[in-house]
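These notes are about the structure you will find just below.
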Amino acid sequence: MLNTTQNLVFGMAAVGNKTAAAHASLYTKDNYLKFITNAYDVEYINDESGLRQNFIIKNKPAGNEALQVSMKVSGSLIPSVLYENVLQLSHKPSGKVYIK
């Protein structure tokens, strides 16, 4: 569990071949949070099974390449990709793993 000495900020860097939207509207209800932009939405759903993050791309990006969503992460925890689609967040000084 994170405490007040750790912080983490997730943000969109790009969706497809376009830079992420600078502004988003916010909708919340109970365990549901949604950032809404013209090009995409990002949903967070927190329930007994964990925290789920959904990316809803409203229009197909130009071209025929595979869709890529680029994230930027900042804060006191260090992100690393362990293997396909598994993100680990650890505290740099102690090496303690907080999220995997």
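In the structure tokens, each chain is lettered A, B, ... as it comes, each chain's residues begin at 1, and ligands are numbered from 1 in order of appearance.
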
request  = Please provide the set of residues having any atom within 10 Å of Val97 (chain A), restricted to only C-alpha atoms, with same-chain residues fewer than 3 positions apart removed, written as a VMD selection string.
outcome  = chain A and resid 1 77 to 79 88 to 92 94 100

task = Considering only C-alpha atoms, state which residue in the set A:Asn38, A:Asn46, A:Gln53, A:Thr19 is at the smallest distance from Ser70 (chain A).
result =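 Smallest separation from Ser70 (chain A) among the options: A:Thr19.
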
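Restricting the calculation to only C-alpha atoms, the smallest distance between Ile56 (chain A) and any of A:Lys29, A:His23, A:Lys96, A:Lys34 is found for A:Lys34.
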
ask   = What's the 8 Å shell around Tyr44 (chain A), counting only C-alpha atoms, without same-chain residues fewer than 4 positions away, as a list of chain:residue names?
value =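 Near Tyr44 (chain A), the qualifying residues are A:Tyr32, A:Leu33, A:Lys34, A:Leu51, A:Arg52, A:Gln53, A:Asn54.
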
For the selection just defined, write its residues with C-alpha atoms to a file, as a PDB file, in the first residue's frame.
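Saved to part.pdb:
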ATOM      1  CA  TYR A  32     -15.851   4.877 -11.137  1.00  0.00           C
ATOM      2  CA  LEU A  33     -13.730   7.689 -12.593  1.00  0.00           C
ATOM      3  CA  LYS A  34     -13.683   8.812 -16.235  1.00  0.00           C
ATOM      4  CA  LEU A  51      -8.213  -1.404 -10.242  1.00  0.00           C
ATOM      5  CA  ARG A  52      -9.052  -1.595 -13.943  1.00  0.00           C
ATOM      6  CA  GLN A  53      -8.006   1.042 -16.487  1.00  0.00           C
ATOM      7  CA  ASN A  54      -9.793   1.251 -19.860  1.00  0.00           C
TER       8      ASN A  54
END

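CA of Phe55 (chain A) to CA of Gly75 (chain A) spans 21.9 Å [interatomic distance, one decimal].
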
request  = Just give me the gap between CA of Ile36 (chain A) and CA of Gly63 (chain A) in Å, one decimal is fine.
outcome  =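 Going from CA of Ile36 (chain A) over to CA of Gly63 (chain A), I get 23.8 Å.
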
query = How many Å separate CA of Ser80 (chain A) from CA of Pro93 (chain A)?
reply =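 These two atoms are separated by 15.0 Å.
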
query = Residues at most 7 Å from Thr37 (chain A), counting only C-alpha atoms, excluding those fewer than 4 positions away in the same chain, as a list in words?
reply =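 What passes the distance filter is Ala21, His23, Ala24, Ser25 and Asp41 of chain A.
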
Could you dump the residues just selected with N, CA and C atoms as a PDB file, in the first residue's frame?
ATOM      1  N   ALA A  21      -4.494  14.684 -25.483  1.00  0.00           N
ATOM      2  CA  ALA A  21      -5.255  15.915 -25.264  1.00  0.00           C
ATOM      3  C   ALA A  21      -4.753  16.640 -24.024  1.00  0.00           C
ATOM      4  N   HIS A  23      -6.594  18.875 -22.286  1.00  0.00           N
ATOM      5  CA  HIS A  23      -7.684  19.119 -21.349  1.00  0.00           C
ATOM      6  C   HIS A  23      -8.684  17.969 -21.387  1.00  0.00           C
ATOM      7  N   ALA A  24      -9.240  17.666 -20.227  1.00  0.00           N
ATOM      8  CA  ALA A  24     -10.239  16.606 -20.139  1.00  0.00           C
ATOM      9  C   ALA A  24     -11.302  17.010 -19.129  1.00  0.00           C
ATOM     10  N   SER A  25     -12.517  16.534 -19.378  1.00  0.00           N
ATOM     11  CA  SER A  25     -13.589  16.660 -18.389  1.00  0.00           C
ATOM     12  C   SER A  25     -13.510  15.451 -17.480  1.00  0.00           C
ATOM     13  N   ASP A  41     -11.346   8.515 -24.114  1.00  0.00           N
ATOM     14  CA  ASP A  41     -11.703   8.544 -22.694  1.00  0.00           C
ATOM     15  C   ASP A  41     -10.793   7.564 -21.968  1.00  0.00           C
TER      16      ASP A  41
END
